[in-house]
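Just below is one structure, and these are the notes that go with it.
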Amino acid sequence: MSGTSPNESPREVEKTFRRHGILFVVSAASGTGKSTLCNSLRQSKDFIYSVSCTTRAPRPGEIDGEDYHFLSREHFEEKVAAGGFIEHAHVHGNYYGTLKQTVLDAIASGTDVLLDIDAQGAESIRKNPDPQIAASLVDVFIMPPTFEELERRLRKRGTETEESIIRRLANGREEMQRWSEFKYTILSGSMEEDLTKFRAIMRAERYLSRRLTLDES
Ligand code: 5GP
């Protein structure tokens, strides 16, 4: 028979917490250093990284299925029509979209997900009516210290044509105005500084009481 005899102290109840996954959305103007930050976060076991689909051509060294799923315009449109994306947007002349099922499955199983998407994409996720997405969303904006520094970083990367640089800078100037729409904003410094700041957000969000369910055994 179970129970506590008068001389025994009550059995210590072991507490464990379960929680749903968090959807970390990271946005920044192109060139800010967001991809470097996300690539570094991807090395840790803390998240699964959601690999987006795009109609953009691969850059040298980019791997299909790892950096992006590189799709033809037709294939991308088929996925849009089939409702395969949580959000999709036209960015710098190409289409980009976040695969819905990957994100929903991860969140439901308690795995955190990292999305590297533009400010329009972040806005559509914020407006998504699914309560599970709304409860799991943590959106973070990475702000370059100055517009000049953004240009310097973008040029240093050496991946874009002059035409693409001009377009990305024009879009970047607009994106930088949108920082206050995000729950958190990080003023970008070195990669290590950005990582430290992001990890601070990540840790706090993981301890949020409303994300936790207490199991006692
Ligand atoms: P890039 O061509 O430099 O890889 O990416 C261009 C922009 O598209 C970046 O701001 C990147 O965050 C954004 N992006 C990448 N994947 C997605 C996506 O699935 N959805 C949206 N809305 N933007 C994306």
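Simple scheme: letters A, B, ... for chains in structure tokens order, numbers from 1 for residues in each chain, numbers from 1 for ligands in the order shown.
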At a cut-off of 6 Å, can you tabulate as a tab-separated table every residue of chain A near ligand 1 together with its closest atom pair and the distance in Å to one decimal, using only C-alpha atoms and all ligand atoms and ordering rows by chain then number?
```
residue	atom	partner	partner_atom_place_in_ligand_line	distance
A:Ser27	CA	ligand 1	12 (O)	5.9
A:Ala29	CA	ligand 1	10 (O)	5.9
A:Ser30	CA	ligand 1	10 (O)	5.1
A:Ser52	CA	ligand 1	19 (O)	4.3
A:His88	CA	ligand 1	20 (N)	5.1
A:Ala89	CA	ligand 1	22 (N)	4.6
A:Val91	CA	ligand 1	8 (O)	5.7
A:Tyr96	CA	ligand 1	18 (C)	4.4
A:Gly97	CA	ligand 1	19 (O)	3.5
A:Thr98	CA	ligand 1	19 (O)	3.9
A:Asp116	CA	ligand 1	12 (O)	4.6
A:Ile117	CA	ligand 1	12 (O)	3.3
A:Asp118	CA	ligand 1	10 (O)	4.1
A:Gln120	CA	ligand 1	22 (N)	5.7
A:Gly121	CA	ligand 1	22 (N)	3.5
```
Please produce a file of the residues just selected, as an mmCIF file, in the first residue's frame, where the atoms kept are N, CA and C atoms.
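Final file, result_2.cif:
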```cif
data_model
loop_
_atom_site.group_PDB
_atom_site.id
_atom_site.type_symbol
_atom_site.label_atom_id
_atom_site.label_comp_id
_atom_site.auth_asym_id
_atom_site.auth_seq_id
_atom_site.Cartn_x
_atom_site.Cartn_y
_atom_site.Cartn_z
ATOM 1 N N SER A 27 15.592 38.236 -38.121
ATOM 2 C CA SER A 27 15.559 39.060 -39.333
ATOM 3 C C SER A 27 16.596 40.158 -39.245
ATOM 4 N N ALA A 29 18.642 43.280 -42.171
ATOM 5 C CA ALA A 29 18.934 43.674 -43.542
ATOM 6 C C ALA A 29 20.040 42.767 -44.077
ATOM 7 N N SER A 30 19.968 42.473 -45.389
ATOM 8 C CA SER A 30 20.959 41.604 -46.012
ATOM 9 C C SER A 30 22.363 42.166 -45.796
ATOM 10 N N SER A 52 14.807 27.027 -45.858
ATOM 11 C CA SER A 52 13.767 27.636 -46.703
ATOM 12 C C SER A 52 13.861 27.144 -48.141
ATOM 13 N N HIS A 88 5.528 33.064 -47.300
ATOM 14 C CA HIS A 88 6.463 33.182 -48.420
ATOM 15 C C HIS A 88 6.482 34.633 -48.856
ATOM 16 N N ALA A 89 7.579 35.051 -49.460
ATOM 17 C CA ALA A 89 7.706 36.467 -49.821
ATOM 18 C C ALA A 89 8.600 36.607 -51.040
ATOM 19 N N VAL A 91 11.615 38.568 -52.255
ATOM 20 C CA VAL A 91 12.687 39.333 -51.618
ATOM 21 C C VAL A 91 13.824 39.527 -52.619
ATOM 22 N N TYR A 96 11.004 33.346 -51.710
ATOM 23 C CA TYR A 96 11.518 32.578 -50.567
ATOM 24 C C TYR A 96 10.316 32.107 -49.754
ATOM 25 N N GLY A 97 10.384 30.902 -49.216
ATOM 26 C CA GLY A 97 9.263 30.409 -48.402
ATOM 27 C C GLY A 97 9.715 29.458 -47.305
ATOM 28 N N THR A 98 8.970 29.484 -46.196
ATOM 29 C CA THR A 98 9.272 28.634 -45.030
ATOM 30 C C THR A 98 8.345 27.429 -45.023
ATOM 31 N N ASP A 116 15.626 32.045 -40.476
ATOM 32 C CA ASP A 116 16.359 33.235 -40.935
ATOM 33 C C ASP A 116 15.548 33.784 -42.108
ATOM 34 N N ILE A 117 14.692 34.758 -41.830
ATOM 35 C CA ILE A 117 13.793 35.260 -42.885
ATOM 36 C C ILE A 117 13.756 36.790 -42.855
ATOM 37 N N ASP A 118 13.180 37.387 -43.886
ATOM 38 C CA ASP A 118 13.186 38.851 -43.946
ATOM 39 C C ASP A 118 12.032 39.428 -43.105
ATOM 40 N N GLN A 120 9.336 41.052 -43.914
ATOM 41 C CA GLN A 120 7.977 40.736 -44.401
ATOM 42 C C GLN A 120 7.549 39.364 -43.907
ATOM 43 N N GLY A 121 8.488 38.400 -43.974
ATOM 44 C CA GLY A 121 8.200 37.039 -43.523
ATOM 45 C C GLY A 121 7.877 37.032 -42.036
#
```
Problem - Polymer residues at most 12 Å from Ile166 of chain A, only C-alpha atoms, same-chain spacing of 5 or more positions, as a count of residues only - result: 12
Which residues of segment 136-160 of chain A come within 10 Å of segment 178-183 of chain A, and for each one, what is the closest pair of atoms and their distance in Å to one decimal, counting only C-alpha atoms, sorted by chain and residue number, as a Markdown table?
```
| residue | atom | partner | partner_atom | distance |
| --- | --- | --- | --- | --- |
| A:Leu137 | CA | A:Lys183 | CA | 9.4 |
| A:Val138 | CA | A:Lys183 | CA | 6.8 |
| A:Asp139 | CA | A:Lys183 | CA | 5.6 |
| A:Val140 | CA | A:Phe182 | CA | 5.9 |
| A:Phe141 | CA | A:Trp179 | CA | 5.9 |
| A:Ile142 | CA | A:Trp179 | CA | 8.0 |
| A:Met143 | CA | A:Trp179 | CA | 7.3 |
```
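Within segment 30-84 of chain A, the backbone-based DSSP assignment of helix (DSSP H, G or I) covers A:Lys34, A:Ser35, A:Thr36, A:Leu37, A:Cys38, A:Asn39, A:Ser40, A:Leu41, A:Arg42, A:Gln43, A:Arg73, A:Glu74, A:His75, A:Phe76, A:Glu77, A:Glu78, A:Lys79, A:Val80, A:Ala81.
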Practice task
Would you mind listing what lies within 12 Å of Phe85 of chain A as an MDAnalysis selection string, with only C-alpha atoms counted and same-chain residues fewer than 6 positions away left out?
Solution key: chainID A and resid 50:54 76:79 95:104 121 124:125 128
Using only C-alpha atoms, find each residue in segment 15-96 of chain A having at least one atom no more than 10 Å away from segment 188-210 of chain A; report its shortest atom-to-atom pair and that distance in Å (one decimal), rows by chain then rising number, as JSON lines.
```
{"residue": "A:Phe17", "atom": "CA", "partner": "A:Ser209", "partner_atom": "CA", "distance": 9.9}
{"residue": "A:Arg19", "atom": "CA", "partner": "A:Arg206", "partner_atom": "CA", "distance": 8.5}
{"residue": "A:His20", "atom": "CA", "partner": "A:Arg206", "partner_atom": "CA", "distance": 9.7}
{"residue": "A:Gly21", "atom": "CA", "partner": "A:Arg206", "partner_atom": "CA", "distance": 8.9}
{"residue": "A:Ile22", "atom": "CA", "partner": "A:Arg206", "partner_atom": "CA", "distance": 7.8}
{"residue": "A:Phe24", "atom": "CA", "partner": "A:Met202", "partner_atom": "CA", "distance": 8.3}
{"residue": "A:Val26", "atom": "CA", "partner": "A:Phe198", "partner_atom": "CA", "distance": 9.7}
{"residue": "A:Ala28", "atom": "CA", "partner": "A:Ser188", "partner_atom": "CA", "distance": 9.8}
{"residue": "A:Thr32", "atom": "CA", "partner": "A:Ser188", "partner_atom": "CA", "distance": 7.6}
{"residue": "A:Gly33", "atom": "CA", "partner": "A:Met191", "partner_atom": "CA", "distance": 7.5}
{"residue": "A:Lys34", "atom": "CA", "partner": "A:Asp194", "partner_atom": "CA", "distance": 9.1}
{"residue": "A:Thr36", "atom": "CA", "partner": "A:Met191", "partner_atom": "CA", "distance": 7.5}
{"residue": "A:Leu37", "atom": "CA", "partner": "A:Met191", "partner_atom": "CA", "distance": 6.5}
{"residue": "A:Cys38", "atom": "CA", "partner": "A:Leu195", "partner_atom": "CA", "distance": 9.0}
{"residue": "A:Ser40", "atom": "CA", "partner": "A:Leu195", "partner_atom": "CA", "distance": 8.1}
{"residue": "A:Leu41", "atom": "CA", "partner": "A:Leu195", "partner_atom": "CA", "distance": 7.8}
{"residue": "A:Asp46", "atom": "CA", "partner": "A:Met202", "partner_atom": "CA", "distance": 9.5}
```
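Residues of segment 62-160 of chain A carrying a DSSP assignment of strand (DSSP E), computed from the backbone, are His69, Phe70, Phe85, Ile86, Glu87, His88, Ala89, His90, Val91, Asn94, Tyr95, Tyr96, Gly97, Thr98, Leu99, Val113, Leu114, Leu115, Asp116, Leu137, Val138, Asp139, Val140, Phe141, Ile142 and Met143 of chain A.
One finds atom CA of Ser44 of chain A at 26.5 Å from atom CA of Lys15 of chain A.
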Handout entry: Contacts of Val113 of chain A at 6 Å (only C-alpha atoms; same-chain gap of 6+ positions) as a ChimeraX atom specification
Key = /A:23-24,47-49
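Taking only C-alpha atoms into account, Thr16 of chain A lies nearest to A:Asp215 out of the set A:Asp215, A:Asp130, A:Glu62, A:Glu123.
If you look at atom CA of His69 of chain A and atom CA of Pro129 of chain A, they are 26.0 Å away from each other.
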